[in-house]
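Below: entry-v3.cif (mmCIF, C-alpha atoms and all ligand atoms)
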data_query
#
loop_
_atom_site.label_atom_id
_atom_site.label_comp_id
_atom_site.auth_asym_id
_atom_site.auth_seq_id
_atom_site.Cartn_x
_atom_site.Cartn_y
_atom_site.Cartn_z
CA MET A 1 18.58 -15.29 22.12
CA THR A 2 15.96 -12.53 22.17
CA THR A 3 13.21 -12.78 24.77
CA LEU A 4 10.76 -10.81 22.61
CA PRO A 5 7.50 -12.59 21.70
CA LEU A 6 8.49 -12.84 18.04
CA HIS A 7 5.26 -14.50 16.92
CA ASP A 8 3.28 -11.54 18.29
CA LEU A 9 5.62 -9.14 16.51
CA ILE A 10 5.18 -11.04 13.23
CA ARG A 11 1.39 -11.01 13.64
CA GLU A 12 1.45 -7.24 14.07
CA ALA A 13 3.79 -6.82 11.11
CA SER A 14 1.28 -8.77 9.01
CA LEU A 15 -1.13 -5.83 9.42
CA ALA A 16 1.20 -3.65 7.35
CA PRO A 17 0.08 -2.72 3.82
CA SER A 18 1.38 -4.71 0.85
CA VAL A 19 0.95 -4.29 -2.89
CA HIS A 20 -2.29 -6.03 -4.04
CA ASN A 21 -2.26 -7.51 -0.52
CA VAL A 22 0.10 -10.24 -1.73
CA GLN A 23 1.88 -10.24 1.69
CA PRO A 24 5.25 -11.23 0.21
CA VAL A 25 7.37 -11.40 3.39
CA ARG A 26 8.33 -14.66 5.11
CA TRP A 27 10.15 -14.85 8.44
CA LYS A 28 12.55 -17.32 9.97
CA ILE A 29 13.19 -17.14 13.69
CA GLU A 30 16.93 -17.27 14.36
CA GLU A 31 19.10 -17.18 17.44
CA HIS A 32 19.94 -13.49 16.91
CA GLY A 33 16.61 -12.25 15.61
CA LEU A 34 14.56 -12.65 12.46
CA GLN A 35 15.60 -13.53 8.95
CA MET A 36 13.48 -11.81 6.36
CA PHE A 37 12.67 -13.27 2.92
CA LEU A 38 10.59 -12.34 -0.11
CA ASP A 39 8.33 -15.11 -1.35
CA MET A 40 8.99 -15.11 -5.09
CA ARG A 41 5.68 -16.90 -5.73
CA CYS A 42 3.98 -13.57 -4.97
CA ARG A 43 5.89 -11.77 -7.70
CA LEU A 44 3.96 -9.41 -9.98
CA PRO A 45 5.90 -9.59 -13.26
CA HIS A 46 3.54 -7.19 -15.04
CA GLY A 47 2.70 -4.71 -12.28
CA ASP A 48 6.02 -4.77 -10.49
CA PRO A 49 8.72 -6.12 -12.83
CA GLU A 50 11.59 -4.73 -10.73
CA ASN A 51 10.15 -5.92 -7.39
CA HIS A 52 10.03 -2.30 -6.25
CA ASP A 53 6.57 -2.59 -4.69
CA ALA A 54 7.37 -5.99 -3.19
CA LEU A 55 10.42 -4.44 -1.51
CA MET A 56 8.36 -1.46 -0.35
CA SER A 57 5.88 -3.94 1.13
CA ALA A 58 8.80 -5.67 2.86
CA GLY A 59 9.90 -2.27 4.22
CA ALA A 60 6.41 -1.70 5.61
CA ALA A 61 6.48 -5.13 7.29
CA LEU A 62 9.93 -4.37 8.72
CA GLU A 63 8.57 -1.12 10.15
CA GLY A 64 5.66 -3.19 11.51
CA ILE A 65 8.17 -5.30 13.47
CA ASN A 66 9.88 -2.11 14.67
CA LEU A 67 6.61 -0.58 15.89
CA ALA A 68 5.63 -3.79 17.68
CA ALA A 69 9.11 -4.12 19.26
CA SER A 70 8.86 -0.56 20.59
CA LYS A 71 6.17 -1.77 23.01
CA TYR A 72 8.93 -3.80 24.67
CA GLY A 73 11.45 -0.95 24.67
CA LYS A 74 13.29 -2.32 21.62
CA SER A 75 13.94 -1.15 18.08
CA VAL A 76 15.13 -3.03 15.02
CA LYS A 77 18.58 -3.02 13.52
CA PHE A 78 18.33 -4.27 9.95
CA HIS A 79 21.33 -5.90 8.28
CA PRO A 80 20.60 -6.09 4.53
CA ALA A 81 21.63 -9.40 2.97
CA SER A 82 25.31 -9.54 2.11
CA THR A 83 25.37 -13.27 1.49
CA LEU A 84 22.76 -15.29 -0.29
CA ILE A 85 20.87 -17.75 1.88
CA GLU A 86 19.41 -20.30 -0.49
CA VAL A 87 15.84 -21.30 0.25
CA PRO A 88 13.89 -22.50 -2.81
CA GLY A 89 11.33 -19.95 -4.00
CA LEU A 90 12.49 -17.31 -1.52
CA HIS A 91 14.81 -14.35 -1.81
CA TYR A 92 16.77 -13.50 1.33
CA LEU A 93 16.48 -9.82 2.28
CA GLY A 94 18.39 -9.57 5.53
CA LEU A 95 18.54 -10.11 9.26
CA ILE A 96 16.66 -8.13 11.89
CA GLU A 97 18.32 -7.79 15.27
CA PHE A 98 16.85 -5.97 18.24
CA GLU A 99 18.53 -3.29 20.30
CA ASP A 100 17.43 -1.13 23.19
CA GLY A 101 15.10 1.59 21.96
CA ASP A 102 13.18 4.52 23.36
CA ALA A 103 9.66 4.60 24.75
CA GLU A 104 6.77 3.01 22.86
CA ASP A 105 6.43 4.50 19.39
CA PRO A 106 3.32 6.74 19.38
CA LEU A 107 2.33 5.36 15.97
CA SER A 108 2.16 1.76 17.24
CA SER A 109 -1.36 2.29 18.60
CA PHE A 110 -2.66 3.02 15.08
CA VAL A 111 -1.44 -0.21 13.49
CA GLU A 112 -4.61 -2.19 14.32
CA SER A 113 -7.04 0.42 13.01
CA ARG A 114 -5.28 1.43 9.75
CA PHE A 115 -6.82 0.03 6.61
CA SER A 116 -7.34 0.94 2.95
CA TRP A 117 -10.56 2.87 2.43
CA ARG A 118 -11.63 2.72 -1.22
CA GLY A 119 -15.15 4.07 -0.80
CA LYS A 120 -16.40 7.64 -0.90
CA PHE A 121 -15.24 10.05 1.77
CA GLN A 122 -17.46 12.21 3.92
CA THR A 123 -17.84 15.60 2.20
CA SER A 124 -14.86 17.70 3.24
CA THR A 125 -15.02 21.24 4.56
CA ARG A 126 -12.50 24.04 4.23
CA LYS A 127 -11.56 23.55 7.90
CA MET A 128 -10.86 19.84 7.33
CA ARG A 129 -8.75 20.59 4.26
CA ASP A 130 -6.78 23.21 6.19
CA SER A 131 -6.09 20.67 8.93
CA ALA A 132 -4.71 18.31 6.26
CA ALA A 133 -1.90 20.76 5.52
CA ARG A 134 -0.41 19.92 8.92
CA LEU A 135 0.52 16.48 7.58
CA ALA A 136 2.98 17.92 5.07
CA GLY A 137 6.67 17.43 5.84
CA ALA A 138 10.19 17.39 4.44
CA ASP A 139 9.52 14.23 2.40
CA CYS A 140 5.82 14.61 1.68
CA HIS A 141 3.68 17.23 0.02
CA VAL A 142 -0.03 17.64 0.71
CA PHE A 143 -2.39 18.95 -1.97
CA ASN A 144 -5.56 20.28 -0.33
CA ASP A 145 -6.79 22.95 -2.73
CA PRO A 146 -9.99 21.79 -4.52
CA ALA A 147 -8.79 23.13 -7.89
CA ASP A 148 -5.51 21.22 -7.59
CA LEU A 149 -7.36 18.10 -6.47
CA GLY A 150 -9.65 18.32 -9.51
CA GLU A 151 -6.62 18.48 -11.78
CA LEU A 152 -4.97 15.57 -9.95
CA ALA A 153 -8.14 13.49 -10.31
CA GLU A 154 -7.79 13.84 -14.10
CA LEU A 155 -4.13 12.90 -13.91
CA SER A 156 -4.90 9.89 -11.74
CA ASP A 157 -7.67 8.61 -14.03
CA GLN A 158 -5.39 8.84 -17.05
CA ALA A 159 -2.55 7.09 -15.18
CA SER A 160 -4.90 4.28 -14.07
CA LEU A 161 -6.24 3.89 -17.58
CA ASN A 162 -2.69 3.65 -18.95
CA PHE A 163 -1.99 0.70 -16.66
CA MET A 164 -5.39 -0.96 -16.98
CA SER A 165 -5.15 -0.85 -20.78
CA ARG A 166 -2.27 -3.31 -20.57
CA ARG A 167 -3.78 -6.78 -20.73
CA GLY A 168 -0.96 -8.38 -18.72
CA PHE A 169 -1.26 -5.84 -15.90
CA ARG A 170 -5.04 -6.22 -15.79
CA GLY A 171 -4.93 -10.02 -15.86
CA GLU A 172 -2.45 -10.05 -13.00
CA LEU A 173 -4.57 -7.62 -10.95
CA VAL A 174 -7.72 -9.66 -11.58
CA SER A 175 -5.87 -12.81 -10.47
CA TRP A 176 -5.39 -11.15 -7.05
CA MET A 177 -9.03 -10.00 -6.89
CA ARG A 178 -11.47 -12.11 -4.92
CA LEU A 179 -14.78 -11.08 -6.48
CA SER A 180 -16.97 -13.69 -4.84
CA ARG A 181 -17.19 -14.81 -1.22
CA ARG A 182 -16.86 -18.34 -2.51
CA HIS A 183 -13.29 -17.62 -3.60
CA PRO A 184 -11.10 -19.93 -1.46
CA ARG A 185 -8.69 -17.08 -0.66
CA TRP A 186 -11.36 -14.43 0.08
CA SER A 187 -10.18 -13.83 3.66
CA LEU A 188 -6.52 -14.76 3.15
CA ASP A 189 -4.89 -12.41 0.66
CA GLY A 190 -5.47 -10.26 -2.42
CA LEU A 191 -8.23 -7.71 -2.86
CA ASN A 192 -11.70 -8.92 -2.01
CA ALA A 193 -14.88 -7.17 -3.10
CA ASP A 194 -15.49 -5.79 0.41
CA ALA A 195 -12.01 -4.23 0.53
CA MET A 196 -12.65 -2.69 -2.89
CA GLN A 197 -16.08 -1.41 -1.73
CA MET A 198 -17.89 -3.32 -4.46
CA ASN A 199 -21.39 -4.67 -3.93
CA ARG A 200 -22.31 -8.06 -5.40
CA LEU A 201 -23.52 -6.62 -8.67
CA GLU A 202 -20.42 -4.46 -9.11
CA ALA A 203 -18.17 -7.41 -8.28
CA PHE A 204 -19.99 -9.58 -10.80
CA ALA A 205 -19.73 -6.84 -13.45
CA ALA A 206 -16.01 -6.41 -12.69
CA SER A 207 -15.42 -10.16 -13.08
CA ILE A 208 -16.64 -9.83 -16.68
CA LEU A 209 -15.68 -6.31 -17.73
CA LEU A 210 -12.08 -6.38 -16.53
CA ARG A 211 -11.30 -9.25 -18.88
CA ARG A 212 -11.65 -9.11 -22.69
CA PRO A 213 -14.59 -6.62 -22.77
CA PHE A 214 -12.32 -3.95 -21.27
CA ASP A 215 -10.53 -3.70 -24.64
CA TRP A 216 -13.85 -3.21 -26.43
CA LEU A 217 -14.95 -0.57 -23.92
CA GLN A 218 -11.68 1.19 -24.48
CA THR A 219 -12.18 1.24 -28.23
CA LEU A 220 -15.58 2.82 -27.57
CA GLY A 221 -14.01 5.38 -25.19
CA LEU A 222 -15.95 3.98 -22.21
CA ALA A 223 -13.15 2.36 -20.21
CA ARG A 224 -12.07 5.53 -18.44
CA ALA A 225 -15.41 5.76 -16.63
CA LEU A 226 -14.82 2.25 -15.32
CA VAL A 227 -11.50 3.10 -13.65
CA SER A 228 -12.35 6.68 -12.67
CA ASP A 229 -11.87 7.84 -9.07
CA ALA A 230 -13.10 11.36 -9.81
CA ASN A 231 -15.98 11.14 -7.32
CA ARG A 232 -13.58 10.21 -4.54
CA PHE A 233 -11.31 13.17 -5.27
CA GLU A 234 -14.36 15.46 -4.99
CA ASN A 235 -14.86 14.73 -1.30
CA THR A 236 -11.28 14.17 -0.31
CA VAL A 237 -9.46 16.24 2.28
CA GLY A 238 -6.10 15.91 0.61
CA LEU A 239 -3.61 13.98 -1.47
CA MET A 240 -0.30 13.24 0.20
CA VAL A 241 2.53 12.73 -2.30
CA LEU A 242 5.64 11.02 -0.93
CA HIS A 243 9.11 11.68 -2.29
CA ARG A 244 12.61 10.42 -1.56
CA SER A 245 16.22 10.79 -2.65
CA VAL A 246 16.72 9.35 -6.12
CA GLY A 247 17.92 5.76 -5.86
CA GLU A 248 16.88 5.18 -2.24
CA ASN A 249 16.45 1.53 -1.29
CA PRO A 250 12.71 0.71 -1.59
CA ILE A 251 12.86 -1.11 1.77
CA SER A 252 13.69 2.24 3.43
CA SER A 253 10.95 3.96 1.40
CA GLY A 254 8.48 1.27 2.50
CA ARG A 255 9.27 1.94 6.15
CA ARG A 256 8.59 5.66 5.79
CA PHE A 257 5.55 5.07 3.58
CA TYR A 258 3.95 3.01 6.36
CA ARG A 259 4.76 5.64 8.98
CA HIS A 260 3.19 8.37 6.81
CA TRP A 261 0.04 6.29 6.48
CA LEU A 262 -0.08 5.81 10.25
CA GLU A 263 0.33 9.59 10.70
CA VAL A 264 -2.71 10.05 8.46
CA GLU A 265 -4.62 7.53 10.59
CA LYS A 266 -3.44 9.26 13.79
CA ALA A 267 -4.81 12.56 12.46
CA GLY A 268 -8.25 10.90 12.24
CA PHE A 269 -8.39 10.30 8.48
CA VAL A 270 -8.74 7.17 6.36
CA ALA A 271 -6.74 6.71 3.18
CA ASN A 272 -5.77 4.57 0.27
CA VAL A 273 -2.80 4.38 -2.02
CA PHE A 274 -2.79 5.84 -5.53
CA ALA A 275 0.30 4.07 -6.81
CA ALA A 276 -0.51 4.83 -10.45
CA LEU A 277 0.19 8.53 -9.82
CA ALA A 278 3.76 7.67 -8.86
CA ASP A 279 4.29 4.80 -11.31
CA ASP A 280 3.05 6.52 -14.47
CA LEU A 281 5.85 8.58 -16.02
CA ASN A 282 3.67 11.45 -17.21
CA SER A 283 1.84 11.90 -13.91
CA ARG A 284 5.07 11.56 -11.93
CA LYS A 285 6.67 14.31 -14.05
CA THR A 286 3.61 16.57 -13.72
CA LEU A 287 3.56 16.16 -9.95
CA HIS A 288 7.30 16.74 -9.73
CA ARG A 289 6.88 20.03 -11.58
CA LYS A 290 3.83 21.10 -9.57
CA MET A 291 5.66 20.40 -6.32
CA GLU A 292 8.80 22.18 -7.56
CA LEU A 293 10.97 19.29 -6.42
CA PRO A 294 14.72 19.38 -7.10
CA ASP A 295 16.18 16.81 -9.52
CA ASP A 296 17.62 14.67 -6.73
CA ARG A 297 14.13 13.87 -5.38
CA GLU A 298 11.70 11.36 -6.87
CA ILE A 299 8.03 10.65 -6.18
CA TYR A 300 7.36 7.09 -5.04
CA SER A 301 3.79 6.95 -3.71
CA ALA A 302 0.63 8.90 -2.99
CA LEU A 303 -2.16 8.59 -0.42
CA LEU A 304 -5.63 10.03 -0.92
CA PHE A 305 -7.25 10.73 2.43
CA GLY A 306 -10.41 12.07 3.99
CA HIS A 307 -13.01 11.23 6.61
CA LEU A 308 -14.88 7.95 6.81
CA PRO A 309 -18.62 8.59 6.31
CA GLN A 310 -20.72 8.20 9.48
CA GLY A 311 -21.93 4.71 10.29
CA VAL A 312 -19.69 2.94 7.79
CA ALA A 313 -18.03 -0.27 8.97
CA ARG A 314 -14.42 -1.00 8.14
CA PRO A 315 -14.11 -4.11 5.96
CA ALA A 316 -12.71 -7.24 7.62
CA ARG A 317 -9.02 -7.71 6.91
CA ALA A 318 -7.81 -10.47 4.58
CA ARG A 319 -4.55 -11.88 5.95
CA LEU A 320 -2.58 -15.11 5.84
CA SER A 321 -2.29 -17.05 9.07
CA LEU A 322 0.87 -16.92 11.15
CA ASP A 323 2.06 -20.37 10.07
CA GLN A 324 1.98 -19.19 6.45
CA PHE A 325 4.38 -16.34 7.28
CA VAL A 326 6.84 -18.23 9.46
CA LEU A 327 9.23 -20.72 7.86
C1 LIG B 401 3.74 -0.64 -2.66
C2 LIG B 401 2.24 -0.60 -2.48
C3 LIG B 401 1.43 -0.18 -3.53
C4 LIG B 401 0.04 -0.12 -3.36
N1 LIG B 401 -0.74 0.34 -4.39
C5 LIG B 401 -2.07 0.47 -4.21
C6 LIG B 401 -2.90 1.05 -5.21
O1 LIG B 401 -2.44 1.48 -6.26
N2 LIG B 401 -4.23 1.14 -4.98
C7 LIG B 401 -4.80 0.70 -3.81
O2 LIG B 401 -6.01 0.81 -3.65
N3 LIG B 401 -4.03 0.17 -2.83
C8 LIG B 401 -2.70 0.04 -3.00
N4 LIG B 401 -1.91 -0.45 -1.99
C9 LIG B 401 -2.55 -0.83 -0.73
C10 LIG B 401 -2.75 -2.33 -0.63
O3 LIG B 401 -3.61 -2.80 -1.64
C11 LIG B 401 -3.29 -2.66 0.76
O4 LIG B 401 -2.37 -2.25 1.71
C12 LIG B 401 -3.56 -4.14 0.92
O5 LIG B 401 -4.65 -4.51 0.12
C13 LIG B 401 -3.87 -4.51 2.38
O6 LIG B 401 -5.04 -3.88 2.82
P1 LIG B 401 -5.07 -2.87 4.04
O7 LIG B 401 -4.29 -1.64 3.61
O8 LIG B 401 -6.53 -2.57 4.23
O9 LIG B 401 -4.45 -3.51 5.23
C14 LIG B 401 -0.54 -0.52 -2.13
C15 LIG B 401 0.30 -0.94 -1.08
C16 LIG B 401 1.67 -0.98 -1.25
C17 LIG B 401 2.54 -1.42 -0.10
#
Spell out the structure here as structure tokens.
Amino acid sequence: MTTLPLHDLIREASLAPSVHNVQPVRWKIEEHGLQMFLDMRCRLPHGDPENHDALMSAGAALEGINLAASKYGKSVKFHPASTLIEVPGLHYLGLIEFEDGDAEDPLSSFVESRFSWRGKFQTSTRKMRDSAARLAGADCHVFNDPADLGELAELSDQASLNFMSRRGFRGELVSWMRLSRRHPRWSLDGLNADAMQMNRLEAFAASILLRRPFDWLQTLGLARALVSDANRFENTVGLMVLHRSVGENPISSGRRFYRHWLEVEKAGFVANVFAALADDLNSRKTLHRKMELPDDREIYSALLFGHLPQGVARPARARLSLDQFVL
């Protein structure tokens, strides 16, 4: 029986990022460690039909457990499911055991402060953009040239529009949005207006425009402006594009994705994910070409990062309570 404070580890793992903040992982405390499940009620059939993002989110949560365990001199050993453990509504992912590890992971102290910043960045300088280049590595490329970033902003807007034009995708996204403080799940899960940096008027407008009127706006050629992130790309320090071996298990990708985000945080930046750049075929191909990646590598995520403007408060986190995570 492990002597680790597993509830504390699970609480820390709950701070990990998850797609649409659905927080799909459930935990069962076992004699030898932790059983890990996906809650199939959080599935996103339109946005994530293959469960890729759900599994990446699970990978991030697994890395969250690993980072928390490192404070106690332990690291995780993950045994992916080989047998099916039947629990209604849940999909068994595997067992986490703990083994002796090294010293505390230097990224563990950035878990509490990391968050998604979807507002404008502080205007970047050449010096800041140069410092961003230091974040590049063997499995991630950093774009920090303003001309490149301008081009990527176009690519990103088109990719977002491609997804948002699909009624099913949009409806599903809106169902995870909490556009009014009166929403019963405002501080529990999903994307609330504060997290999306929307004021009351913008949130109200979104609650109307993202439904049927979006199709009309699109016919009039006005929908792109609604989803555009061009003004955020203008002030950004860089775009980090993550790539992996073709066919890698998304749980492993999710672990590295979280670590990259924490590296960005450690370097003093704030960031948010631009999944559309990796999910849209055309933008993925364009990036692949621009980065001169070999055929055995594939792009799986992207993080836009920069500096938080002075005096801006980080939005409060929406998270489920511990008893909702633990079976
Ligand atoms: C697989 C995956 C895909 C994501 N895609 C996006 C995205 O396209 N846009 C975005 O703003 N955030 C995206 N996120 C970030 C989540 O929305 C965010 O982590 C979640 O809302 C929790 O908020 P926090 O990051 O502030 O803790 C993604 C996260 C994951 C794990």
- Task: Quick one: everything within 7 Å of segment 190-207 of chain A, counting all atoms listed in the file, minus sequence neighbours fewer than 5 positions away in the same chain. Send it as a ChimeraX atom specification.
- Result: /A:20-22,118-119,176-179,315
Take the residues from that selection and put them in a file with C-alpha atoms, as a PDB file, in the coordinates of the input.
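As a result, out_29.pdb now contains:
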ATOM      1  CA  HIS A  20      -2.290  -6.030  -4.040  1.00  0.00           C
ATOM      2  CA  ASN A  21      -2.260  -7.510  -0.520  1.00  0.00           C
ATOM      3  CA  VAL A  22       0.100 -10.240  -1.730  1.00  0.00           C
ATOM      4  CA  ARG A 118     -11.630   2.720  -1.220  1.00  0.00           C
ATOM      5  CA  GLY A 119     -15.150   4.070  -0.800  1.00  0.00           C
ATOM      6  CA  TRP A 176      -5.390 -11.150  -7.050  1.00  0.00           C
ATOM      7  CA  MET A 177      -9.030 -10.000  -6.890  1.00  0.00           C
ATOM      8  CA  ARG A 178     -11.470 -12.110  -4.920  1.00  0.00           C
ATOM      9  CA  LEU A 179     -14.780 -11.080  -6.480  1.00  0.00           C
ATOM     10  CA  PRO A 315     -14.110  -4.110   5.960  1.00  0.00           C
TER      11      PRO A 315
END
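Between Gly171 of chain A and the residues A:Lys71, A:Lys127, A:Arg212, A:Lys120, the shortest atom-to-atom distance, using all atoms listed in the file, involves A:Arg212.
The residue set within 7 Å of Leu95 of chain A, counting only C-alpha atoms and dropping same-chain residues fewer than 4 places from it, reads Gly33, Leu34, Gln35, Met36, Phe78, His79 and Pro80 of chain A.
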Same residues, C-alpha atoms, output as a PDB file, in the frame of the given file:
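File written: result-v9.pdb
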ATOM      1  CA  GLY A  33      16.610 -12.250  15.610  1.00  0.00           C
ATOM      2  CA  LEU A  34      14.560 -12.650  12.460  1.00  0.00           C
ATOM      3  CA  GLN A  35      15.600 -13.530   8.950  1.00  0.00           C
ATOM      4  CA  MET A  36      13.480 -11.810   6.360  1.00  0.00           C
ATOM      5  CA  PHE A  78      18.330  -4.270   9.950  1.00  0.00           C
ATOM      6  CA  HIS A  79      21.330  -5.900   8.280  1.00  0.00           C
ATOM      7  CA  PRO A  80      20.600  -6.090   4.530  1.00  0.00           C
TER       8      PRO A  80
END
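Of the residues under consideration (A:Arg319, A:Lys285, A:His91, A:Arg134), A:Arg319 shows the shortest atom-to-atom contact distance to ligand LIG 401 (chain B) when counting all atoms listed in the file.
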- May I ask you to write as a ChimeraX atom specification all residues lying at most 9 Å from ligand LIG 401 (chain B), with all atoms listed in the file counted? /A:14-23,52-60,114-118,160,189-192,195-196,254,257-258,271-277,300-303,314-319
Just C-alpha atoms for this one: save the residues we selected as a PDB file, keeping the file's coordinate frame.
ATOM      1  CA  SER A  14       1.280  -8.770   9.010  1.00  0.00           C
ATOM      2  CA  LEU A  15      -1.130  -5.830   9.420  1.00  0.00           C
ATOM      3  CA  ALA A  16       1.200  -3.650   7.350  1.00  0.00           C
ATOM      4  CA  PRO A  17       0.080  -2.720   3.820  1.00  0.00           C
ATOM      5  CA  SER A  18       1.380  -4.710   0.850  1.00  0.00           C
ATOM      6  CA  VAL A  19       0.950  -4.290  -2.890  1.00  0.00           C
ATOM      7  CA  HIS A  20      -2.290  -6.030  -4.040  1.00  0.00           C
ATOM      8  CA  ASN A  21      -2.260  -7.510  -0.520  1.00  0.00           C
ATOM      9  CA  VAL A  22       0.100 -10.240  -1.730  1.00  0.00           C
ATOM     10  CA  GLN A  23       1.880 -10.240   1.690  1.00  0.00           C
ATOM     11  CA  HIS A  52      10.030  -2.300  -6.250  1.00  0.00           C
ATOM     12  CA  ASP A  53       6.570  -2.590  -4.690  1.00  0.00           C
ATOM     13  CA  ALA A  54       7.370  -5.990  -3.190  1.00  0.00           C
ATOM     14  CA  LEU A  55      10.420  -4.440  -1.510  1.00  0.00           C
ATOM     15  CA  MET A  56       8.360  -1.460  -0.350  1.00  0.00           C
ATOM     16  CA  SER A  57       5.880  -3.940   1.130  1.00  0.00           C
ATOM     17  CA  ALA A  58       8.800  -5.670   2.860  1.00  0.00           C
ATOM     18  CA  GLY A  59       9.900  -2.270   4.220  1.00  0.00           C
ATOM     19  CA  ALA A  60       6.410  -1.700   5.610  1.00  0.00           C
ATOM     20  CA  ARG A 114      -5.280   1.430   9.750  1.00  0.00           C
ATOM     21  CA  PHE A 115      -6.820   0.030   6.610  1.00  0.00           C
ATOM     22  CA  SER A 116      -7.340   0.940   2.950  1.00  0.00           C
ATOM     23  CA  TRP A 117     -10.560   2.870   2.430  1.00  0.00           C
ATOM     24  CA  ARG A 118     -11.630   2.720  -1.220  1.00  0.00           C
ATOM     25  CA  SER A 160      -4.900   4.280 -14.070  1.00  0.00           C
ATOM     26  CA  ASP A 189      -4.890 -12.410   0.660  1.00  0.00           C
ATOM     27  CA  GLY A 190      -5.470 -10.260  -2.420  1.00  0.00           C
ATOM     28  CA  LEU A 191      -8.230  -7.710  -2.860  1.00  0.00           C
ATOM     29  CA  ASN A 192     -11.700  -8.920  -2.010  1.00  0.00           C
ATOM     30  CA  ALA A 195     -12.010  -4.230   0.530  1.00  0.00           C
ATOM     31  CA  MET A 196     -12.650  -2.690  -2.890  1.00  0.00           C
ATOM     32  CA  GLY A 254       8.480   1.270   2.500  1.00  0.00           C
ATOM     33  CA  PHE A 257       5.550   5.070   3.580  1.00  0.00           C
ATOM     34  CA  TYR A 258       3.950   3.010   6.360  1.00  0.00           C
ATOM     35  CA  ALA A 271      -6.740   6.710   3.180  1.00  0.00           C
ATOM     36  CA  ASN A 272      -5.770   4.570   0.270  1.00  0.00           C
ATOM     37  CA  VAL A 273      -2.800   4.380  -2.020  1.00  0.00           C
ATOM     38  CA  PHE A 274      -2.790   5.840  -5.530  1.00  0.00           C
ATOM     39  CA  ALA A 275       0.300   4.070  -6.810  1.00  0.00           C
ATOM     40  CA  ALA A 276      -0.510   4.830 -10.450  1.00  0.00           C
ATOM     41  CA  LEU A 277       0.190   8.530  -9.820  1.00  0.00           C
ATOM     42  CA  TYR A 300       7.360   7.090  -5.040  1.00  0.00           C
ATOM     43  CA  SER A 301       3.790   6.950  -3.710  1.00  0.00           C
ATOM     44  CA  ALA A 302       0.630   8.900  -2.990  1.00  0.00           C
ATOM     45  CA  LEU A 303      -2.160   8.590  -0.420  1.00  0.00           C
ATOM     46  CA  ARG A 314     -14.420  -1.000   8.140  1.00  0.00           C
ATOM     47  CA  PRO A 315     -14.110  -4.110   5.960  1.00  0.00           C
ATOM     48  CA  ALA A 316     -12.710  -7.240   7.620  1.00  0.00           C
ATOM     49  CA  ARG A 317      -9.020  -7.710   6.910  1.00  0.00           C
ATOM     50  CA  ALA A 318      -7.810 -10.470   4.580  1.00  0.00           C
ATOM     51  CA  ARG A 319      -4.550 -11.880   5.950  1.00  0.00           C
TER      52      ARG A 319
END
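In this comparison, which uses all atoms listed in the file, the residue of A:Ser187, A:Thr236, A:Asn249, A:Ser228 approaching Leu155 of chain A most closely is A:Ser228.
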- Message: Could you list, as a ChimeraX atom specification, every residue within 12 Å of Leu222 of chain A, counting all atoms listed in the file and ignoring same-chain residues fewer than 6 positions away?
- Response: /A:161,165,209,213-216,228
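With all atoms listed in the file as the atoms that count, the residue of A:Met128, A:Leu9, A:Leu173, A:Leu67 with the shortest distance to Asp102 of chain A is A:Leu67.
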- Item | Nearest to Val174 of chain A by atom-to-atom distance, counting only C-alpha atoms, from A:Arg255, A:Arg211, A:Arg289, A:His141 | A:Arg211
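Between Gly137 of chain A and the residues A:Ile208, A:Met240, A:Leu152, A:Leu322, the shortest atom-to-atom distance, using all atoms listed in the file, involves A:Met240.
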- From atom CA of Ala61 of chain A to atom CA of Ser175 of chain A the spacing works out at 23.0 Å
- Task: Show which residues sit within 12 Å of Gly268 of chain A, as a PyMOL selection string. Count only C-alpha atoms, and ignore same-chain residues fewer than 6 positions away.
- Result: chain A and resi 110+113-114+128+131-132+135+237+261-262+305-308
Same residues, C-alpha atoms, saved as a short mmCIF file (atom, residue, chain, number, x, y, z; two decimals), keeping the file's coordinate frame:
data_model
loop_
_atom_site.label_atom_id
_atom_site.label_comp_id
_atom_site.auth_asym_id
_atom_site.auth_seq_id
_atom_site.Cartn_x
_atom_site.Cartn_y
_atom_site.Cartn_z
CA PHE A 110 -2.66 3.02 15.08
CA SER A 113 -7.04 0.42 13.01
CA ARG A 114 -5.28 1.43 9.75
CA MET A 128 -10.86 19.84 7.33
CA SER A 131 -6.09 20.67 8.93
CA ALA A 132 -4.71 18.31 6.26
CA LEU A 135 0.52 16.48 7.58
CA VAL A 237 -9.46 16.24 2.28
CA TRP A 261 0.04 6.29 6.48
CA LEU A 262 -0.08 5.81 10.25
CA PHE A 305 -7.25 10.73 2.43
CA GLY A 306 -10.41 12.07 3.99
CA HIS A 307 -13.01 11.23 6.61
CA LEU A 308 -14.88 7.95 6.81
#
- Query: Hey, can you pull every residue with an atom no more than 8 Å from (7.0, 9.1, 0.0), using only C-alpha atoms, and send it as a list in words?
  - Reply: Asp139, Cys140, Val241, Leu242, His243, Arg244, Ser253, Arg256, Phe257, His260, Ile299, Tyr300, Ser301 and Ala302 of chain A
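A straight line drawn from atom CA of Met291 of chain A to atom CA of Gly247 of chain A is 19.1 Å long.
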Hey, what's within 12 Å of Glu151 of chain A if we count all atoms listed in the file and toss same-chain stuff fewer than 3 positions away? As a compact mmCIF listing (two decimals) with C-alpha atoms, in the coordinates of the input, please?
# COMPACT_ATOMS: atom_id res chain seq x y z
CA PHE A 143 -2.39 18.95 -1.97
CA ASN A 144 -5.56 20.28 -0.33
CA ASP A 145 -6.79 22.95 -2.73
CA PRO A 146 -9.99 21.79 -4.52
CA ALA A 147 -8.79 23.13 -7.89
CA ASP A 148 -5.51 21.22 -7.59
CA GLU A 154 -7.79 13.84 -14.10
CA LEU A 155 -4.13 12.90 -13.91
CA SER A 156 -4.90 9.89 -11.74
CA ASP A 157 -7.67 8.61 -14.03
CA GLN A 158 -5.39 8.84 -17.05
CA ALA A 230 -13.10 11.36 -9.81
CA PHE A 233 -11.31 13.17 -5.27
CA GLU A 234 -14.36 15.46 -4.99
CA LEU A 239 -3.61 13.98 -1.47
CA SER A 283 1.84 11.90 -13.91
CA THR A 286 3.61 16.57 -13.72
CA LEU A 287 3.56 16.16 -9.95
CA LYS A 290 3.83 21.10 -9.57
